[in-house]
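Data file: work-v5.cif. Format and content: mmCIF, C-alpha atoms.
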data_protein
#
loop_
_atom_site.label_atom_id
_atom_site.label_comp_id
_atom_site.auth_asym_id
_atom_site.auth_seq_id
_atom_site.Cartn_x
_atom_site.Cartn_y
_atom_site.Cartn_z
CA MET A 22 199.81 12.26 96.27
CA ALA A 23 200.56 15.93 95.61
CA ARG A 24 197.83 17.75 93.69
CA PHE A 25 198.04 20.45 91.04
CA TYR A 26 196.18 22.75 88.69
CA GLU A 27 197.65 23.13 85.19
CA PHE A 28 196.92 26.43 83.44
CA PHE A 29 197.79 27.21 79.81
CA ALA A 30 198.11 23.45 79.70
CA GLY A 31 198.68 22.98 75.97
CA GLY A 32 199.45 19.32 75.41
CA GLY A 33 200.02 18.61 79.11
CA MET A 34 203.82 18.69 79.15
CA ALA A 35 203.94 20.08 82.68
CA ARG A 36 201.68 17.21 83.71
CA LYS A 37 204.04 14.74 82.05
CA GLY A 38 206.99 16.28 83.86
CA LEU A 39 205.35 16.18 87.27
CA GLY A 40 204.74 12.48 86.75
CA PRO A 41 202.46 9.80 88.19
CA ASP A 42 203.00 10.81 91.82
CA TRP A 43 201.07 14.02 91.16
CA THR A 44 197.29 14.20 90.74
CA CYS A 45 195.84 16.72 88.31
CA LEU A 46 192.71 18.30 89.77
CA PHE A 47 192.07 20.76 86.95
CA ALA A 48 193.56 21.80 83.60
CA ASN A 49 192.76 24.74 81.35
CA ASP A 50 193.64 25.96 77.88
CA PHE A 51 191.73 28.14 75.44
CA ASP A 52 192.92 26.27 72.29
CA PHE A 53 190.43 23.53 71.43
CA LYS A 54 192.91 21.78 69.11
CA LYS A 55 195.45 21.50 71.90
CA GLY A 56 192.59 20.41 74.12
CA LEU A 57 191.90 17.47 71.81
CA THR A 58 195.52 16.32 72.17
CA TYR A 59 195.37 16.78 75.93
CA GLN A 60 192.27 14.62 76.08
CA ALA A 61 193.79 12.00 73.78
CA ASN A 62 196.67 11.57 76.22
CA PHE A 63 195.07 12.18 79.61
CA GLY A 64 191.30 11.95 79.20
CA SER A 65 188.78 14.76 79.42
CA HIS A 66 187.77 14.73 83.08
CA GLU A 67 190.07 17.49 84.41
CA LEU A 68 190.23 19.70 81.30
CA LYS A 69 188.20 22.85 80.71
CA VAL A 70 188.74 24.38 77.27
CA ALA A 71 187.93 28.04 77.71
CA ASP A 72 189.45 31.49 78.04
CA ILE A 73 191.10 31.78 81.45
CA ARG A 74 188.84 34.76 82.15
CA ALA A 75 185.94 32.31 82.22
CA VAL A 76 187.52 30.15 84.94
CA THR A 77 186.05 30.57 88.43
CA PRO A 78 186.89 28.97 91.79
CA ALA A 79 183.81 26.78 91.34
CA ASP A 80 185.61 25.09 88.42
CA LEU A 81 188.58 24.18 90.62
CA PRO A 82 188.04 21.21 92.92
CA GLY A 83 189.88 20.71 96.20
CA VAL A 84 193.06 22.47 97.26
CA ALA A 85 196.13 22.36 95.02
CA ASP A 86 199.66 21.95 96.28
CA LEU A 87 200.92 23.50 93.03
CA MET A 88 199.38 25.87 90.50
CA TRP A 89 201.33 25.77 87.23
CA GLY A 90 201.07 28.48 84.58
CA SER A 91 202.95 28.55 81.27
CA PHE A 92 201.27 31.75 80.15
CA PRO A 93 201.66 32.87 76.49
CA CYS A 94 205.04 34.28 75.53
CA GLN A 95 204.35 36.09 72.26
CA ASP A 96 204.24 39.61 73.72
CA LEU A 97 207.33 38.99 75.87
CA SER A 98 209.45 37.28 73.23
CA LEU A 99 212.37 39.17 71.72
CA ALA A 100 210.84 38.26 68.36
CA GLY A 101 207.50 39.77 69.33
CA VAL A 102 206.20 43.32 69.09
CA GLY A 103 207.10 44.28 72.64
CA ALA A 104 203.64 44.65 74.15
CA GLY A 105 204.77 42.72 77.23
CA LEU A 106 202.26 42.11 80.00
CA LYS A 107 200.04 44.75 78.41
CA GLY A 108 199.66 42.54 75.34
CA GLU A 109 196.55 40.54 74.60
CA ARG A 110 198.27 37.16 74.93
CA SER A 111 200.98 37.59 77.57
CA GLY A 112 198.57 39.83 79.44
CA THR A 113 196.68 36.69 80.47
CA PHE A 114 199.14 36.70 83.35
CA TYR A 115 196.71 38.98 85.16
CA PRO A 116 193.55 36.84 84.76
CA PHE A 117 195.68 33.94 86.01
CA TRP A 118 196.35 35.90 89.19
CA ASP A 119 192.67 36.81 89.44
CA VAL A 120 192.09 33.08 89.86
CA VAL A 121 194.82 32.90 92.52
CA ARG A 122 193.23 35.76 94.46
CA ALA A 123 189.79 34.20 94.20
CA LEU A 124 191.14 30.93 95.57
CA LYS A 125 192.85 32.78 98.40
CA LYS A 126 189.59 34.52 99.26
CA ASP A 127 187.96 31.10 99.25
CA GLY A 128 190.56 29.78 101.72
CA ARG A 129 192.16 27.55 99.07
CA ALA A 130 195.34 29.35 98.07
CA PRO A 131 197.82 26.88 96.48
CA LYS A 132 200.97 26.13 98.44
CA LEU A 133 203.16 26.73 95.41
CA ILE A 134 202.81 28.72 92.20
CA ALA A 135 205.15 28.18 89.25
CA LEU A 136 205.25 30.35 86.14
CA GLU A 137 207.18 29.60 82.97
CA ASN A 138 207.95 31.94 80.09
CA VAL A 139 210.67 33.17 77.73
CA CYS A 140 213.76 34.94 79.00
CA GLY A 141 212.64 38.11 77.23
CA THR A 142 210.42 38.55 80.27
CA LEU A 143 213.49 39.76 82.17
CA THR A 144 214.07 42.74 79.87
CA SER A 145 210.55 43.45 78.60
CA HIS A 146 209.68 47.13 79.10
CA GLY A 147 213.08 47.77 80.62
CA GLY A 148 212.56 45.15 83.31
CA LYS A 149 209.21 46.55 84.44
CA ASP A 150 207.32 43.41 83.44
CA PHE A 151 209.63 41.20 85.52
CA GLU A 152 209.18 43.65 88.39
CA ALA A 153 205.40 43.42 87.97
CA ILE A 154 205.55 39.62 88.18
CA CYS A 155 207.67 39.65 91.34
CA ARG A 156 205.47 42.32 92.91
CA THR A 157 202.33 40.33 92.10
CA PHE A 158 203.74 37.28 93.88
CA SER A 159 204.63 39.38 96.91
CA GLU A 160 201.29 41.17 97.13
CA ALA A 161 199.45 37.86 96.86
CA GLY A 162 201.35 36.49 99.87
CA TYR A 163 204.07 34.43 98.17
CA ARG A 164 207.84 34.50 98.51
CA CYS A 165 209.34 33.82 95.11
CA GLY A 166 212.60 33.15 93.34
CA ALA A 167 213.51 32.87 89.67
CA LEU A 168 215.62 30.46 87.66
CA VAL A 169 216.73 30.40 84.03
CA ILE A 170 217.01 26.82 82.82
CA ASN A 171 218.20 25.86 79.36
CA ALA A 172 216.64 22.57 78.31
CA ASP A 173 219.90 21.60 76.58
CA LEU A 174 221.06 20.32 79.97
CA PHE A 175 218.44 17.58 79.61
CA VAL A 176 217.55 17.19 75.91
CA PRO A 177 219.42 18.15 72.72
CA GLN A 178 217.51 21.39 72.20
CA SER A 179 218.65 24.91 73.05
CA ARG A 180 215.62 26.26 74.92
CA PRO A 181 216.36 28.69 77.77
CA ARG A 182 213.27 29.56 79.79
CA LEU A 183 212.49 31.63 82.87
CA PHE A 184 210.81 29.93 85.83
CA VAL A 185 209.43 31.94 88.73
CA ILE A 186 208.51 29.75 91.71
CA GLY A 187 206.61 31.08 94.69
CA VAL A 188 205.78 29.50 98.04
CA ARG A 189 203.00 30.72 100.32
CA ASP A 190 204.24 33.00 103.09
CA ASP A 191 202.94 30.80 105.91
CA LEU A 192 204.79 27.66 104.78
CA PRO A 193 208.27 26.58 105.90
CA ILE A 194 211.20 26.33 103.49
CA ASP A 195 214.06 23.95 104.20
CA PRO A 196 217.26 26.09 104.24
CA ALA A 197 218.88 23.45 102.02
CA LEU A 198 216.57 24.59 99.19
CA LEU A 199 217.95 28.12 99.30
CA SER A 200 221.25 29.79 98.53
CA PRO A 201 222.39 33.07 100.12
CA GLU A 202 223.38 34.37 96.69
CA PRO A 203 223.03 33.46 92.99
CA LEU A 204 224.45 30.15 91.78
CA ALA A 205 225.37 29.01 88.27
CA PRO A 206 224.05 27.71 86.00
CA PHE A 207 220.44 28.61 86.82
CA HIS A 208 221.03 32.16 88.04
CA THR A 209 222.35 33.69 84.85
CA ARG A 210 223.88 37.13 84.38
CA GLY A 211 220.70 38.28 82.72
CA LEU A 212 218.61 37.12 85.66
CA CYS A 213 220.98 38.73 88.17
CA ARG A 214 220.83 42.03 86.27
CA ALA A 215 217.02 41.89 86.31
CA VAL A 216 216.99 41.19 90.06
CA ASP A 217 219.53 43.95 90.75
CA ALA A 218 217.28 46.40 88.90
CA LEU A 219 214.31 45.69 91.19
CA PRO A 220 213.35 48.18 93.90
CA LYS A 221 215.34 47.48 97.06
CA ALA A 222 212.36 46.41 99.18
CA LEU A 223 211.16 43.95 96.53
CA ARG A 224 214.65 42.63 95.83
CA ALA A 225 215.12 41.87 99.52
CA LYS A 226 212.15 39.52 99.45
CA LEU A 227 213.38 37.39 96.54
CA LEU A 228 214.70 33.88 97.06
CA TRP A 229 217.63 32.20 95.35
CA TRP A 230 216.54 28.59 94.80
CA ASN A 231 219.37 26.12 95.29
CA VAL A 232 218.84 23.55 92.54
CA PRO A 233 221.47 20.93 91.67
CA THR A 234 222.86 20.71 88.18
CA PRO A 235 221.74 17.53 86.35
CA SER A 236 224.14 14.85 85.23
CA HIS A 237 225.80 15.34 81.85
CA ARG A 238 223.46 14.81 78.91
CA VAL A 239 224.62 12.01 76.62
CA SER A 240 222.04 12.21 73.82
CA THR A 241 222.68 14.34 70.74
CA PHE A 242 220.44 15.88 68.10
CA ALA A 243 221.45 13.13 65.71
CA ASP A 244 220.11 10.49 68.13
CA GLU A 245 216.57 11.90 67.78
CA ILE A 246 216.41 11.91 63.97
CA GLU A 247 214.11 9.54 62.08
CA GLU A 248 215.32 7.90 58.89
CA ALA A 249 211.81 7.37 57.57
CA PRO A 250 209.54 10.03 59.06
CA THR A 251 205.83 9.85 58.33
CA SER A 252 204.92 13.51 58.85
CA VAL A 253 207.44 15.03 56.42
CA SER A 254 209.43 14.02 53.33
CA TRP A 255 213.09 14.35 52.46
CA HIS A 256 213.91 17.16 50.05
CA SER A 257 214.98 16.42 46.52
CA PRO A 258 218.68 16.98 45.73
CA ALA A 259 217.71 20.18 43.91
CA GLU A 260 215.81 21.46 46.97
CA THR A 261 218.80 20.72 49.18
CA GLU A 262 221.05 22.62 46.79
CA GLN A 263 218.68 25.59 46.93
CA LEU A 264 218.87 25.53 50.72
CA LEU A 265 222.69 25.43 50.66
CA ALA A 266 222.72 28.30 48.16
CA LYS A 267 220.95 30.49 50.72
CA MET A 268 223.83 30.13 53.16
CA SER A 269 226.41 32.80 53.84
CA PRO A 270 230.10 31.92 53.45
CA ILE A 271 230.45 31.22 57.18
CA ASN A 272 227.49 28.83 57.18
CA LYS A 273 228.78 27.08 54.06
CA ALA A 274 232.08 26.64 55.92
CA LYS A 275 230.16 24.92 58.73
CA VAL A 276 228.74 22.47 56.20
CA THR A 277 232.19 21.79 54.78
CA ALA A 278 233.55 21.09 58.26
CA ALA A 279 230.65 18.73 58.99
CA MET A 280 231.41 16.78 55.82
CA ARG A 281 234.93 16.18 57.14
CA ALA A 282 233.82 15.15 60.64
CA GLY A 283 234.01 11.41 60.06
CA ARG A 284 230.57 10.79 61.60
CA ARG A 285 226.98 11.56 60.80
CA MET A 286 226.27 15.20 61.59
CA VAL A 287 222.84 16.74 61.98
CA GLY A 288 222.38 20.48 61.90
CA GLY A 289 219.32 22.57 62.64
CA VAL A 290 218.54 25.21 60.03
CA TYR A 291 216.42 28.34 60.29
CA LYS A 292 215.74 30.76 57.46
CA ARG A 293 216.21 34.38 58.49
CA THR A 294 216.21 37.75 56.77
CA ARG A 295 219.69 39.31 56.82
CA LEU A 296 221.52 42.16 55.13
CA ASN A 297 224.02 41.05 52.49
CA GLU A 298 227.35 42.73 51.74
CA LYS A 299 225.48 45.39 49.72
CA GLY A 300 223.10 46.18 52.54
CA VAL A 301 220.18 44.51 50.80
CA LYS A 302 217.77 42.28 52.73
CA VAL A 303 218.03 38.66 51.64
CA GLN A 304 216.82 35.35 53.03
CA ARG A 305 219.63 33.35 54.58
CA ALA A 306 219.73 29.75 55.80
CA GLU A 307 221.68 29.55 59.06
CA VAL A 308 222.86 26.21 60.42
CA ARG A 309 224.36 24.97 63.69
CA PHE A 310 226.34 21.73 64.14
CA ASP A 311 226.83 21.53 67.91
CA ASP A 312 224.76 18.35 68.50
CA VAL A 313 221.88 20.52 69.71
CA SER A 314 218.70 21.60 67.95
CA GLY A 315 217.75 25.21 67.67
CA CYS A 316 214.87 26.31 69.87
CA LEU A 317 211.53 25.03 68.63
CA ARG A 318 209.13 27.89 68.03
CA THR A 319 205.46 28.14 67.22
CA PRO A 320 205.36 28.17 63.41
CA ALA A 321 203.76 31.39 62.23
CA GLY A 322 205.19 31.01 58.74
CA GLY A 323 207.60 28.93 56.67
CA SER A 324 210.69 30.59 58.12
CA SER A 325 209.68 29.61 61.66
CA ARG A 326 209.83 25.90 61.00
CA GLN A 327 213.17 24.30 61.70
CA LEU A 328 214.79 22.29 58.94
CA ILE A 329 217.47 19.71 59.43
CA LEU A 330 220.60 19.06 57.42
CA VAL A 331 221.88 15.48 57.68
CA ILE A 332 225.46 14.96 56.52
CA ASP A 333 227.20 11.60 56.05
CA GLY A 334 230.55 12.38 54.47
CA LYS A 335 229.81 13.86 51.06
CA LYS A 336 226.13 12.92 51.23
CA VAL A 337 223.95 15.87 52.23
CA ARG A 338 220.18 15.62 52.77
CA SER A 339 217.62 18.07 54.08
CA ARG A 340 213.98 18.28 55.15
CA LEU A 341 211.67 19.80 57.71
CA ILE A 342 212.09 18.45 61.21
CA SER A 343 209.40 15.82 61.81
CA ALA A 344 206.56 16.03 64.32
CA ARG A 345 207.90 13.08 66.30
CA GLU A 346 211.37 14.60 66.39
CA THR A 347 209.97 17.80 67.88
CA ALA A 348 208.18 15.70 70.51
CA ARG A 349 211.42 13.93 71.40
CA LEU A 350 213.18 17.28 71.75
CA MET A 351 210.48 18.29 74.25
CA GLY A 352 211.12 15.16 76.31
CA LEU A 353 207.82 13.50 75.37
CA PRO A 354 207.72 9.69 75.31
CA GLU A 355 207.24 7.72 72.10
CA ASP A 356 203.69 6.74 73.05
CA TYR A 357 202.58 10.36 73.42
CA LYS A 358 199.77 10.94 70.92
CA LEU A 359 200.44 13.86 68.58
CA PRO A 360 197.98 15.61 66.27
CA ARG A 361 197.90 14.06 62.81
CA ASN A 362 198.26 17.44 61.15
CA TYR A 363 201.92 18.47 60.97
CA ASN A 364 201.40 22.17 61.65
CA GLU A 365 199.19 21.41 64.65
CA ALA A 366 201.79 19.01 66.06
CA TYR A 367 204.58 21.55 65.57
CA HIS A 368 202.44 24.29 67.15
CA LEU A 369 201.74 22.05 70.14
CA THR A 370 205.37 21.15 70.81
CA GLY A 371 206.79 24.56 69.95
CA ASP A 372 204.50 26.12 72.55
CA GLY A 373 205.31 23.65 75.32
CA VAL A 374 207.63 23.25 78.28
CA VAL A 375 210.29 20.53 78.25
CA VAL A 376 209.16 17.55 80.30
CA ASP A 377 212.59 16.85 81.81
CA VAL A 378 212.92 20.40 83.11
CA VAL A 379 209.61 20.15 84.95
CA ARG A 380 210.64 16.81 86.42
CA HIS A 381 213.90 18.32 87.69
CA LEU A 382 212.04 21.17 89.37
CA ALA A 383 209.50 18.76 90.82
CA GLN A 384 212.20 16.55 92.29
CA HIS A 385 214.38 19.30 93.71
CA VAL A 386 211.94 22.10 94.58
CA PHE A 387 208.23 21.24 94.46
CA GLU A 388 208.24 17.84 96.14
CA PRO A 389 210.56 18.82 99.03
CA LEU A 390 208.43 21.92 99.69
CA VAL A 391 205.17 19.98 99.60
CA ALA A 392 206.59 17.25 101.85
CA GLU A 393 207.83 19.83 104.36
CA ALA A 394 204.46 21.60 104.39
CA MET A 395 202.67 18.31 105.03
CA GLU A 396 205.09 17.41 107.82
CA ALA A 397 204.62 20.83 109.44
CA ARG A 398 200.83 20.40 109.33
CA GLU A 399 201.05 16.96 110.95
CA VAL A 400 203.25 18.31 113.75
CA ALA A 401 200.85 21.18 114.35
#

What do you get writing this file as structure tokens?
Amino acid sequence: MARFYEFFAGGGMARKGLGPDWTCLFANDFDFKKGLTYQANFGSHELKVADIRAVTPADLPGVADLMWGSFPCQDLSLAGVGAGLKGERSGTFYPFWDVVRALKKDGRAPKLIALENVCGTLTSHGGKDFEAICRTFSEAGYRCGALVINADLFVPQSRPRLFVIGVRDDLPIDPALLSPEPLAPFHTRGLCRAVDALPKALRAKLLWWNVPTPSHRVSTFADEIEEAPTSVSWHSPAETEQLLAKMSPINKAKVTAAMRAGRRMVGGVYKRTRLNEKGVKVQRAEVRFDDVSGCLRTPAGGSSRQLILVIDGKKVRSRLISARETARLMGLPEDYKLPRNYNEAYHLTGDGVVVDVVRHLAQHVFEPLVAEAMEAREVA
């Protein structure tokens, strides 16, 4: 079995994505509430709930094939305050690499390192934060390549995320895993611009991972909706009318079109502050009816929680998205144990990585690399 360390583990979604053929040697998160959910689903043996700065090589048993890190995104998000890697939360990138360096000094450097974060990482501080990440990989002795994967290829949620995957310099890479130049859909224009902006010497070291596109997704947002959710309640007709009243003319037109669709339509709604025709800031309800949920986000306030609008002909209903629905949109199975508190469940899922995306990377990048490294060691 391949072995891994899971940092910034949250509810263990990377672990779910890697699957039963991978053995977790160690997991870490600083949030004790998320830690309780992790333990409820996986047990407590591998988990250390503590600030990453308190993690030492002595905490990490064995040698990991993969070290996973979904470090906090708040300071790199386009919705954040722009602190980037200098921020208190996203700046935990550096303590993460302190652990990598300590393991390397101990002769236990992981074969692979995978980082996941928001796409704002590519443009944060004019691209300097992305450059810092790539340079850190290189200086630590890892060749790396980046991918932007939108989870809507796998689940009905729009959730583009940046993945930077590094392989130790001394390990072989099957040429079939690499492309000589960027390939759609995972090497986006934004990613290519960020790579082009890197210093020439650093850019020359970057890899273009050759990852196949998954088969066409058949599930829709409507397929994931519960008729009788237990974590939330349907709005009253008056509350639904109030929500509709907050819509701009173009969003009201979307609702009208959905009512004429001839099938049940489910739209994701977010409340946002916009300027009206008089230049005055007002709260608007914005809806999308493209069979895909909006990106789940950590709820910092009422406007951050996604609502849903369910339309059957002339019948229109609304409510908050349920905890179980958010779990389904993250690719979690029905038997995954969620926190009982709604806000805690939403926080857990909104902070996570989509299970299906991790599985795709495991199948097409991690597992071939680990297998090749093992084969090379046996030959030697």

Tell me which of A:Met280, A:Pro203, A:Thr58, A:Val120 sits closest to Arg361 of chain A, counting only C-alpha atoms.
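Nearest to Arg361 of chain A: A:Thr58.
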
Evaluating the PyMOL selection byres ((chain A and resi 279) around 10) on the displayed file yields which residues, as a ChimeraX atom specification?
/A:273-278,280-288,310,331-335,337

Run through the PyMOL selection byres ((chain A and resi 185) around 8) on the given coordinates and return the selected residues as a PyMOL selection string.
chain A and resi 135-137+165-168+183-184+186-187

Dump as a PDB file, in the coordinates of the input, selection limited to C-alpha atoms:
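The resulting out-v7.pdb:
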ATOM      1  CA  ALA A 135     205.150  28.180  89.250  1.00  0.00           C
ATOM      2  CA  LEU A 136     205.250  30.350  86.140  1.00  0.00           C
ATOM      3  CA  GLU A 137     207.180  29.600  82.970  1.00  0.00           C
ATOM      4  CA  CYS A 165     209.340  33.820  95.110  1.00  0.00           C
ATOM      5  CA  GLY A 166     212.600  33.150  93.340  1.00  0.00           C
ATOM      6  CA  ALA A 167     213.510  32.870  89.670  1.00  0.00           C
ATOM      7  CA  LEU A 168     215.620  30.460  87.660  1.00  0.00           C
ATOM      8  CA  LEU A 183     212.490  31.630  82.870  1.00  0.00           C
ATOM      9  CA  PHE A 184     210.810  29.930  85.830  1.00  0.00           C
ATOM     10  CA  ILE A 186     208.510  29.750  91.710  1.00  0.00           C
ATOM     11  CA  GLY A 187     206.610  31.080  94.690  1.00  0.00           C
TER      12      GLY A 187
END

My list of candidates is A:Gly56, A:Pro116, A:Gly83, A:Gly90. Which is closest to Val379 of chain A when distances are computed with all atoms listed in the file?
A:Gly90

Could you work out how far atom CA of Gln304 of chain A lies from atom CA of Ala266 of chain A, giving the answer in Å with one decimal?
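One can read the atom CA of Ala266 of chain A to atom CA of Gln304 of chain A distance as 10.4 Å.
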
Given only C-alpha atoms as the counted atoms, nearest of A:Tyr26, A:Phe207, A:Tyr163, A:Phe117 to Pro181 of chain A
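For Pro181 of chain A, the nearest of the candidates is A:Phe207.
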
For this structure, which residues satisfy the selection - the PyMOL selection byres ((chain A and resi 69) around 7) - when it is evaluated on the file as given? I want them as a PyMOL selection string.
chain A and resi 48-50+67-68+70-71

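Taking atom CA of Arg349 of chain A and atom CA of Ser91 of chain A as endpoints, the distance between them is 19.6 Å.
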
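For segment 209-218 of chain A, the residues within 9 Å (counting all atoms listed in the file, excluding itself and residues fewer than 5 positions away along the chain) are A:Cys140, A:Leu143, A:Thr144, A:Gly148, A:Phe151, A:Glu152, A:Ala167, A:Leu168, A:Val169, A:Ile170, A:Leu183, A:Pro203, A:Leu204, A:Arg224, A:Leu227.
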
Just checking: using all atoms listed in the file, which residue out of A:Ile329, A:Ala23, A:Ile73, A:Met395 ends up closest to Ala85 of chain A?
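Checking each candidate against Ala85 of chain A, we get A:Ala23 as the closest.
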
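For the point (220.9, 31.8, 99.4) in file coordinates, the residues within 10 Å, using only C-alpha atoms, are A:Pro196, A:Ala197, A:Leu198, A:Leu199, A:Ser200, A:Pro201, A:Glu202, A:Pro203, A:Leu204, A:Leu227, A:Leu228, A:Trp229, A:Trp230, A:Asn231.
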
Atom CA of Ser257 of chain A to atom CA of Leu369 of chain A: how many Å, to one decimal?
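Between these atoms lies a distance of 27.7 Å.
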
Applying 9 Å and only C-alpha atoms, which residues near Trp43 of chain A remain after dropping the ones on its own chain fewer than 2 positions away? List them as a list in words.
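Near neighbours after the sequence-gap exclusion: Met22, Ala23, Arg24, Phe25, Arg36, Leu39, Gly40, Pro41 and Cys45 of chain A.
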
Could you tell me which of A:Ile246, A:Val232, A:Met88, A:Ala225 comes closest to His208 of chain A if we count all atoms listed in the file?
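Closest to His208 of chain A, using all atoms listed in the file: A:Val232.
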
As lines of an AutoDock Vina configuration file: centre and edge lengths in Å, one decimal, of the axis-aligned box holding segment 293-297 of chain A with 5 Å per side:
center_x = 220.1
center_y = 38.3
center_z = 55.5
size_x = 17.8
size_y = 17.8
size_z = 16.0
